[in-house]
2 protein chains.
Amino acid sequence: MAQKPSIPKGTRDFSPAEMARRNYIFDTIRDVFRLFGFHQIETPAMENLSTLMGKYGEEGDKLLFKILNSGNYLASVDPSLLDETCVNRLTTQIAEKGLRYDLTVPFARFVVQHRNDIQFPFRRFQIQPVWRADRPQKGRYREFYQCDADVVGSDSLLNEVELLQLIDEVFSRLGIRIAIKLNNRKVLAGIAELIGEPDKMIDITVAIDKIDKIGIEKVNEELADRGLSSEAIAALQPILEIGGTVAERLDRLESLLQPSEIGTLGVAELRTVVNATLALGLKAELDLDVSLARGLNYYTGTIIEVKALDYAIGSITGGGRYDNLTGVFGMPDVSGVGISFGADRIYDVLNELDLYPAELGTAARVMFVNFGDAEAARSLAVIKQLRAAGISCELYPESAKLKKQMAYANNAGIPFVAIIGDKELASGMVTLKNMAEGTQADLTVEALVEALA
Amino acid sequence: MAQKPSIPKGTRDFSPAEMARRNYIFDTIRDVFRLFGFHQIETPAMENLSTLMGKYGEEGDKLLFKILNSGNYLASVDPSLLDETCVNRLTTQIAEKGLRYDLTVPFARFVVQHRNDIQFPFRRFQIQPVWRADRPQKGRYREFYQCDADVVGSDSLLNEVELLQLIDEVFSRLGIRIAIKLNNRKVLAGIAELIGEPDKMIDITVAIDKIDKIGIEKVNEELADRGLSSEAIAALQPILEIGGTVAERLDRLESLLQPSEIGTLGVAELRTVVNATLALGLKAELDLDVSLARGLNYYTGTIIEVKALDYAIGSITGGGRYDNLTGVFGMPDVSGVGISFGADRIYDVLNELDLYPAELGTAARVMFVNFGDAEAARSLAVIKQLRAAGISCELYPESAKLKKQMAYANNAGIPFVAIIGDKELASGMVTLKNMAEGTQADLTVEALVEALA
């Protein structure tokens, strides 16, 4: 029975050409992670739903892909739950596992589970796919890669400084011009305190996070809808309007937030990170943005977001400090700070700006033409010598028409074609054709190795 | 709420030390795949269940991890199915997607879906995890990696020869001594024909595949249970008892199978592959094994299996030729041949035989001790220069006791520790300590780069 095959919406196949580009991104990020002394771990695609549920808010729970229990999953289900009005409770009985939604919660679980084997401060990196049952749209996929680096077990702000250097190095290697935006959750708490609405910090941050998208007027409307008094909204305006250089804005923020202890601490943290970073030098633009909240409620200190300067696509990297990520798994007081590179958006930026290196091809360096059994046998023997010298090769597997074989090499982007026909069988030589230049030469096997190495 | 965190049974976390070992295996296999001119692709973890179901037999269907549809998945379900006796039909209504079970069926789907963009013969490789709801046991996991290389769109036996060379190169690089066992499905069909039971080829192969495990007598019992006549079983014995060198066994098999056209063709194919492979030379032992069937019914020609010689663990690589893999997706007559490296078993073999290279560490090359703000700032500036020279470094993020910092470097396997204290701040020098030798030296930054590069 013939079926027309397809893949689930929001997922993708990657062709060899796409893989070459993706590997370039992953290899670059991985190399920099290692250069900065981070250690790789991997966690399973499936986590227990008890690990994942409740960590990403109510909306996040809905976006988890849940895996049906094996066997007769209905056997032990309370029959009264077999009704569409009870679907959430039924789910907990028929699905115990889910696909990971990000790398942060599995990492927190990993740290707690392996706490006795881990040396703190623990600098870990992790590059793996995550899955979200989001509505697919341009640039948003249901399976995508995250590339995370975190330092846990240290509350030193030097970790933030290191991560900013790391971000700078990755994007500098990729050739993407970026702005790094900084904020601090304590500044946001200070602002809420200052305007007399300390309990509404979440409402305030959710609303002002949208300034770039919807403008300050709509933000003010939303703040009112969220129950902020008009006095509070008025008191907020001078903070949202702070301008000038980073140093000027830090000064202005410091003086505005002076009545708030936590706000003052937040500004001091920002100042430490900014000064140390600028002292070391940064290719990226560095920017303060008090409207930056990144939605994630587990951040407690520094908040980091990276935007590409030459292509509008939203955040391409983000992160921040969290003081209690592992607390929910029974291990309190472990401070950490981390960043996550969005490989799929970085891929889109590189594609759009055409920033890939020219020589990204993954094809073999040379293809041997196949003229029949005896020639193929000789070719395989020569190929074996080339491979021993590290030169990637392939033999066209059929003695097809020469034109067809040459078209294959050409379409595959193979730069050299080697020919062993009657003449070469007799002479022991190999004819090597340079596909780009159209030139060819008669070479001994030794000379061939030398020419291709 | 504190939960004791864990991961689903049959899945694993990988620590940095384990990742270093796994990366060594994956990098070795990937390098050889590329050396042989194979191109990497990736497919999504989730496939439509319509793609996966029915491809792995009834047992395989049960072992697929199925993903619950998003939203209210009960809304459109026929209420009469909400009963544990209807669980299989219910599943098809509440789960449309599943996790891939191997890389072969997704590859067949990929070939058919992208047939217009693919150049044939297509040499593809793919290294990704697969998931099976198998009962977990020693050496068998619910999430594990496969590393596959296939050539599709060519029925030339040179592809088999190339894949055998590739297997030899991978295990030679890994230092694992192996035996490669060969068989051919057509030989199995010939045997069934010869003993007068042409319709029982599957029964015969399933039974004789177990010779190594249960012995010839139990196999004969099973053959009788499966309905083979005692004449047929008697006729089978001389074939199962064939001995001698590979060449002798080929000759003997040829003469025994001479009455069967398909059997004769199978022997001729084996002879071609064996002769070409031995002519090129092989480090591995090459062996014929007419009891080899590999369970997978889609093989139609060559069957390949690899065993480690120095550690008993079952097959560590396997593969074969299939003439109609894509037929089920509406694209007939595409012949292919492929192999699959079992990375997790190879990992076990390397662990058991202790065959990893000594220098597999992933730690930074040098850690800078942290004596306080001024020293840390200077250290970060030096670190920036080292990293620019490609030397991986880290700064201990806290100005903790020296003993604690040194213990960290020691436990992390960091080979060098750099010290910038009062004295070095004043002199502009860096003290470098070699952790293994216990020696230390005062160096300029330039000399430091040279010492560590």
# chains A, B, ... in the order shown; residues from 1 in each chain; ligands from 1
>>> residues_around(residues="stretch 113-126 of chain A", least_positions_apart="5", cutoff="7 Å", atoms="only C-alpha atoms", output="JSON, numbers by chain")
{"A": [33, 38, 39, 40, 41, 42, 147, 148, 149, 150, 151, 152, 153, 154], "B": [5, 6]}
>>> residues_around(residues="stretch 81-86 of chain B", least_positions_apart="6", cutoff="8 Å", atoms="only C-alpha atoms", output="PyMOL selection string")
chain A and resi 72-75+82
>>> write_last_selection(atoms="N, CA, C and O atoms", output="PDB file, in the first residue's frame")
ATOM      1  N   ASN A  72      -1.237  -1.834  27.759  1.00  0.00           N
ATOM      2  CA  ASN A  72      -2.637  -1.428  27.884  1.00  0.00           C
ATOM      3  C   ASN A  72      -2.756  -0.327  28.917  1.00  0.00           C
ATOM      4  O   ASN A  72      -3.027  -0.548  30.086  1.00  0.00           O
ATOM      5  N   TYR A  73      -2.582   0.898  28.438  1.00  0.00           N
ATOM      6  CA  TYR A  73      -2.510   2.051  29.334  1.00  0.00           C
ATOM      7  C   TYR A  73      -3.857   2.369  29.969  1.00  0.00           C
ATOM      8  O   TYR A  73      -3.931   3.179  30.879  1.00  0.00           O
ATOM      9  N   LEU A  74      -4.925   1.749  29.462  1.00  0.00           N
ATOM     10  CA  LEU A  74      -6.241   2.019  30.049  1.00  0.00           C
ATOM     11  C   LEU A  74      -6.561   1.074  31.200  1.00  0.00           C
ATOM     12  O   LEU A  74      -7.499   1.321  31.956  1.00  0.00           O
ATOM     13  N   ALA A  75      -5.765   0.012  31.344  1.00  0.00           N
ATOM     14  CA  ALA A  75      -6.124  -1.059  32.280  1.00  0.00           C
ATOM     15  C   ALA A  75      -6.330  -0.553  33.706  1.00  0.00           C
ATOM     16  O   ALA A  75      -7.251  -0.978  34.398  1.00  0.00           O
ATOM     17  N   LEU A  82     -12.752   8.537  31.773  1.00  0.00           N
ATOM     18  CA  LEU A  82     -12.786   8.346  30.319  1.00  0.00           C
ATOM     19  C   LEU A  82     -13.873   9.223  29.716  1.00  0.00           C
ATOM     20  O   LEU A  82     -14.845   8.755  29.147  1.00  0.00           O
TER      21      LEU A  82
END
>>> residues_around(residues="stretch 76-79 of chain A", least_positions_apart="5", cutoff="8 Å", atoms="only C-alpha atoms", output="list in words")
Leu90, Gln93 and Ile94 of chain A
>>> write_last_selection(atoms="C-alpha atoms", output="tab-separated table (two decimals), in the first residue's frame")
chain	number	residue	atom	x	y	z
A	90	LEU	CA	-6.78	11.24	32.36
A	93	GLN	CA	-2.86	8.44	34.29
A	94	ILE	CA	-2.01	7.38	30.75
>>> select_by_dssp(residues="stretch 305-432 of chain A", states="alpha helix (DSSP H)", output="ChimeraX atom specification")
/A:343-353,373-388,402-412,422-427
>>> residues_around(residues="A:Asp310", least_positions_apart="4", cutoff="10 Å", atoms="only C-alpha atoms", output="VMD selection string")
chain A and resid 176 to 178 349 352 to 353
>>> write_last_selection(atoms="N, CA and C atoms", output="CSV table (one decimal), in the first residue's frame")
chain,number,residue,atom,x,y,z
A,176,ILE,N,28.4,37.6,12.9
A,176,ILE,CA,27.1,38.2,13.1
A,176,ILE,C,27.3,39.4,14.1
A,177,ARG,N,26.9,40.6,13.6
A,177,ARG,CA,27.0,41.8,14.5
A,177,ARG,C,25.8,41.8,15.4
A,178,ILE,N,26.1,42.0,16.7
A,178,ILE,CA,25.0,41.9,17.7
A,178,ILE,C,25.0,43.0,18.7
A,349,VAL,N,19.6,33.7,10.5
A,349,VAL,CA,20.4,34.9,10.3
A,349,VAL,C,21.5,34.7,9.4
A,352,GLU,N,20.2,34.3,5.9
A,352,GLU,CA,19.6,35.6,5.3
A,352,GLU,C,20.8,36.5,5.0
A,353,LEU,N,21.8,36.6,5.8
A,353,LEU,CA,22.9,37.5,5.5
A,353,LEU,C,24.0,36.8,4.7
>>> closest_residue(among="A:Ser340, A:Asn275, A:Ser255, A:Thr104", to="chain B", atoms="only C-alpha atoms")
A:Asn275
>>> closest_atom_pairs(of="stretch 103-171 of chain B", to="stretch 57-60 of chain B", cutoff="12 Å", atoms="only C-alpha atoms", output="Markdown table")
| residue | atom | partner | partner_atom | distance |
| --- | --- | --- | --- | --- |
| B:Trp131 | CA | B:Gly60 | CA | 11.2 |
| B:Arg132 | CA | B:Gly60 | CA | 8.4 |
| B:Ala133 | CA | B:Gly60 | CA | 9.1 |
| B:Asp134 | CA | B:Gly60 | CA | 9.3 |
>>> write_last_selection(atoms="N, CA and C atoms", output="PDB file, in the first residue's frame")
ATOM      1  N   TRP B 131      14.397   5.289  19.742  1.00  0.00           N
ATOM      2  CA  TRP B 131      13.710   4.958  20.991  1.00  0.00           C
ATOM      3  C   TRP B 131      12.882   3.689  20.831  1.00  0.00           C
ATOM      4  N   ARG B 132      12.979   2.786  21.789  1.00  0.00           N
ATOM      5  CA  ARG B 132      12.193   1.557  21.770  1.00  0.00           C
ATOM      6  C   ARG B 132      11.699   1.239  23.167  1.00  0.00           C
ATOM      7  N   ALA B 133      10.413   0.928  23.280  1.00  0.00           N
ATOM      8  CA  ALA B 133       9.817   0.631  24.585  1.00  0.00           C
ATOM      9  C   ALA B 133      10.084  -0.815  24.978  1.00  0.00           C
ATOM     10  N   ASP B 134      11.319  -1.226  24.779  1.00  0.00           N
ATOM     11  CA  ASP B 134      11.778  -2.566  25.131  1.00  0.00           C
ATOM     12  C   ASP B 134      11.913  -2.679  26.643  1.00  0.00           C
TER      13      ASP B 134
END
>>> residues_around(residues="stretch 373-384 of chain B", least_positions_apart="4", cutoff="10 Å", atoms="only C-alpha atoms", output="JSON, numbers by chain")
{"A": [36, 158, 161, 162, 165, 276, 277, 279, 280, 281], "B": [366, 367, 368, 369, 388, 389, 390, 391, 392, 393, 394, 395, 396, 397, 398, 399, 418, 419, 420, 421, 422, 424, 425, 428, 430, 445, 446, 448, 449]}
>>> residues_around(residues="stretch 206-218 of chain B", least_positions_apart="6", cutoff="6 Å", atoms="only C-alpha atoms", output="JSON, numbers by chain")
{"B": [291, 292, 293]}
>>> write_last_selection(atoms="all heavy atoms", output="compact mmCIF listing (two decimals), in the first residue's frame")
# COMPACT_ATOMS: atom_id res chain seq x y z
N SER B 291 23.90 -19.38 8.87
CA SER B 291 22.82 -19.28 9.87
C SER B 291 22.48 -17.83 10.18
O SER B 291 21.56 -17.53 10.91
CB SER B 291 23.22 -20.00 11.16
OG SER B 291 24.18 -19.24 11.87
N LEU B 292 23.23 -16.90 9.59
CA LEU B 292 23.01 -15.49 9.89
C LEU B 292 21.78 -14.96 9.15
O LEU B 292 21.72 -15.01 7.92
CB LEU B 292 24.26 -14.71 9.45
CG LEU B 292 24.30 -13.22 9.66
CD1 LEU B 292 24.29 -12.90 11.14
CD2 LEU B 292 25.55 -12.63 9.00
N ALA B 293 20.81 -14.44 9.87
CA ALA B 293 19.60 -13.94 9.22
C ALA B 293 19.24 -12.52 9.66
O ALA B 293 18.61 -11.77 8.94
CB ALA B 293 18.43 -14.87 9.51
>>> residues_around(residues="B:Arg365", least_positions_apart="3", cutoff="10 Å", atoms="only C-alpha atoms", output="mmCIF file with all heavy atoms, in the first residue's frame")
data_model
loop_
_atom_site.group_PDB
_atom_site.id
_atom_site.type_symbol
_atom_site.label_atom_id
_atom_site.label_comp_id
_atom_site.auth_asym_id
_atom_site.auth_seq_id
_atom_site.Cartn_x
_atom_site.Cartn_y
_atom_site.Cartn_z
ATOM 1 N N ARG A 34 34.132 24.975 24.836
ATOM 2 C CA ARG A 34 35.307 24.251 25.348
ATOM 3 C C ARG A 34 36.447 25.207 25.644
ATOM 4 O O ARG A 34 37.166 25.031 26.635
ATOM 5 C CB ARG A 34 35.738 23.174 24.353
ATOM 6 C CG ARG A 34 34.756 22.019 24.311
ATOM 7 C CD ARG A 34 35.290 20.854 23.482
ATOM 8 N NE ARG A 34 34.338 19.739 23.542
ATOM 9 C CZ ARG A 34 33.984 18.993 22.501
ATOM 10 N NH1 ARG A 34 34.514 19.213 21.312
ATOM 11 N NH2 ARG A 34 33.115 18.014 22.647
ATOM 12 N N LEU A 35 36.610 26.200 24.792
ATOM 13 C CA LEU A 35 37.657 27.205 24.993
ATOM 14 C C LEU A 35 37.467 27.906 26.338
ATOM 15 O O LEU A 35 38.431 28.334 26.973
ATOM 16 C CB LEU A 35 37.592 28.222 23.850
ATOM 17 C CG LEU A 35 38.721 29.233 23.720
ATOM 18 C CD1 LEU A 35 40.052 28.546 23.429
ATOM 19 C CD2 LEU A 35 38.410 30.251 22.619
ATOM 20 N N PHE A 36 36.211 28.018 26.766
ATOM 21 C CA PHE A 36 35.908 28.679 28.026
ATOM 22 C C PHE A 36 35.809 27.681 29.191
ATOM 23 O O PHE A 36 35.376 28.040 30.283
ATOM 24 C CB PHE A 36 34.608 29.493 27.900
ATOM 25 C CG PHE A 36 34.812 30.841 27.262
ATOM 26 C CD1 PHE A 36 35.160 30.958 25.916
ATOM 27 C CD2 PHE A 36 34.694 32.013 28.011
ATOM 28 C CE1 PHE A 36 35.363 32.204 25.324
ATOM 29 C CE2 PHE A 36 34.900 33.254 27.427
ATOM 30 C CZ PHE A 36 35.231 33.354 26.086
ATOM 31 N N GLY A 37 36.213 26.431 28.953
ATOM 32 C CA GLY A 37 36.286 25.477 30.059
ATOM 33 C C GLY A 37 34.965 24.866 30.473
ATOM 34 O O GLY A 37 34.827 24.403 31.607
ATOM 35 N N GLY B 361 40.501 13.741 28.014
ATOM 36 C CA GLY B 361 39.917 14.721 28.921
ATOM 37 C C GLY B 361 39.298 15.894 28.187
ATOM 38 O O GLY B 361 39.728 16.261 27.107
ATOM 39 N N THR B 362 38.253 16.476 28.761
ATOM 40 C CA THR B 362 37.624 17.632 28.128
ATOM 41 C C THR B 362 37.791 18.872 28.992
ATOM 42 O O THR B 362 37.188 19.896 28.739
ATOM 43 C CB THR B 362 36.129 17.386 27.944
ATOM 44 O OG1 THR B 362 35.582 17.067 29.228
ATOM 45 C CG2 THR B 362 35.876 16.282 26.967
ATOM 46 N N ILE B 391 43.831 28.428 23.454
ATOM 47 C CA ILE B 391 44.083 27.666 24.686
ATOM 48 C C ILE B 391 42.864 27.774 25.593
ATOM 49 O O ILE B 391 42.466 28.875 25.984
ATOM 50 C CB ILE B 391 45.340 28.206 25.404
ATOM 51 C CG1 ILE B 391 46.557 28.068 24.488
ATOM 52 C CG2 ILE B 391 45.550 27.500 26.735
ATOM 53 C CD1 ILE B 391 47.682 29.015 24.830
ATOM 54 N N SER B 392 42.270 26.632 25.943
ATOM 55 C CA SER B 392 41.070 26.682 26.776
ATOM 56 C C SER B 392 41.442 26.999 28.219
ATOM 57 O O SER B 392 42.384 26.437 28.768
ATOM 58 C CB SER B 392 40.302 25.364 26.699
ATOM 59 O OG SER B 392 41.083 24.300 27.182
ATOM 60 N N CYS B 393 40.707 27.937 28.824
ATOM 61 C CA CYS B 393 41.020 28.372 30.193
ATOM 62 C C CYS B 393 39.747 28.653 30.950
ATOM 63 O O CYS B 393 38.704 28.915 30.374
ATOM 64 C CB CYS B 393 41.788 29.694 30.245
ATOM 65 S SG CYS B 393 42.679 30.192 28.829
ATOM 66 N N GLU B 394 39.892 28.649 32.266
ATOM 67 C CA GLU B 394 38.836 29.163 33.111
ATOM 68 C C GLU B 394 39.445 29.851 34.313
ATOM 69 O O GLU B 394 40.585 29.564 34.703
ATOM 70 C CB GLU B 394 37.876 28.050 33.535
ATOM 71 C CG GLU B 394 38.495 26.917 34.337
ATOM 72 C CD GLU B 394 37.480 25.830 34.678
ATOM 73 O OE1 GLU B 394 36.672 26.028 35.608
ATOM 74 O OE2 GLU B 394 37.505 24.784 34.011
ATOM 75 N N ALA B 409 40.801 22.175 40.580
ATOM 76 C CA ALA B 409 41.588 21.956 39.363
ATOM 77 C C ALA B 409 42.040 20.505 39.270
ATOM 78 O O ALA B 409 41.977 19.867 38.206
ATOM 79 C CB ALA B 409 42.794 22.890 39.334
ATOM 80 N N GLY B 413 40.735 17.469 36.549
ATOM 81 C CA GLY B 413 41.715 17.003 35.568
ATOM 82 C C GLY B 413 42.323 18.124 34.747
ATOM 83 O O GLY B 413 42.734 17.913 33.606
ATOM 84 N N ILE B 414 42.375 19.320 35.308
ATOM 85 C CA ILE B 414 42.972 20.466 34.606
ATOM 86 C C ILE B 414 44.494 20.375 34.761
ATOM 87 O O ILE B 414 44.989 20.359 35.885
ATOM 88 C CB ILE B 414 42.434 21.790 35.186
ATOM 89 C CG1 ILE B 414 40.922 21.874 34.922
ATOM 90 C CG2 ILE B 414 43.173 22.993 34.606
ATOM 91 C CD1 ILE B 414 40.235 23.034 35.617
ATOM 92 N N PRO B 415 45.244 20.298 33.660
ATOM 93 C CA PRO B 415 46.680 19.991 33.777
ATOM 94 C C PRO B 415 47.554 21.142 34.284
ATOM 95 O O PRO B 415 48.630 20.888 34.813
ATOM 96 C CB PRO B 415 47.082 19.577 32.358
ATOM 97 C CG PRO B 415 46.038 20.148 31.455
ATOM 98 C CD PRO B 415 44.785 20.260 32.253
ATOM 99 N N PHE B 416 47.117 22.380 34.099
ATOM 100 C CA PHE B 416 47.931 23.521 34.539
ATOM 101 C C PHE B 416 47.110 24.494 35.372
ATOM 102 O O PHE B 416 45.926 24.709 35.109
ATOM 103 C CB PHE B 416 48.498 24.277 33.325
ATOM 104 C CG PHE B 416 49.509 23.490 32.539
ATOM 105 C CD1 PHE B 416 49.122 22.753 31.426
ATOM 106 C CD2 PHE B 416 50.846 23.466 32.921
ATOM 107 C CE1 PHE B 416 50.047 22.010 30.697
ATOM 108 C CE2 PHE B 416 51.783 22.733 32.204
ATOM 109 C CZ PHE B 416 51.388 22.001 31.091
ATOM 110 N N VAL B 417 47.768 25.092 36.363
ATOM 111 C CA VAL B 417 47.141 26.157 37.146
ATOM 112 C C VAL B 417 48.008 27.403 37.021
ATOM 113 O O VAL B 417 49.238 27.339 37.154
ATOM 114 C CB VAL B 417 46.988 25.748 38.625
ATOM 115 C CG1 VAL B 417 46.655 26.954 39.494
ATOM 116 C CG2 VAL B 417 45.903 24.682 38.764
ATOM 117 N N LEU B 452 51.743 26.807 26.731
ATOM 118 C CA LEU B 452 50.471 26.081 26.760
ATOM 119 C C LEU B 452 49.926 25.737 25.382
ATOM 120 O O LEU B 452 49.007 24.932 25.257
ATOM 121 C CB LEU B 452 49.427 26.907 27.533
ATOM 122 C CG LEU B 452 49.712 27.101 29.024
ATOM 123 C CD1 LEU B 452 48.744 28.104 29.630
ATOM 124 C CD2 LEU B 452 49.633 25.769 29.766
ATOM 125 N N ALA B 453 50.471 26.341 24.352
ATOM 126 C CA ALA B 453 49.892 26.179 23.009
ATOM 127 C C ALA B 453 50.156 24.775 22.460
ATOM 128 O O ALA B 453 51.012 24.053 22.949
ATOM 129 C CB ALA B 453 50.432 27.233 22.067
#
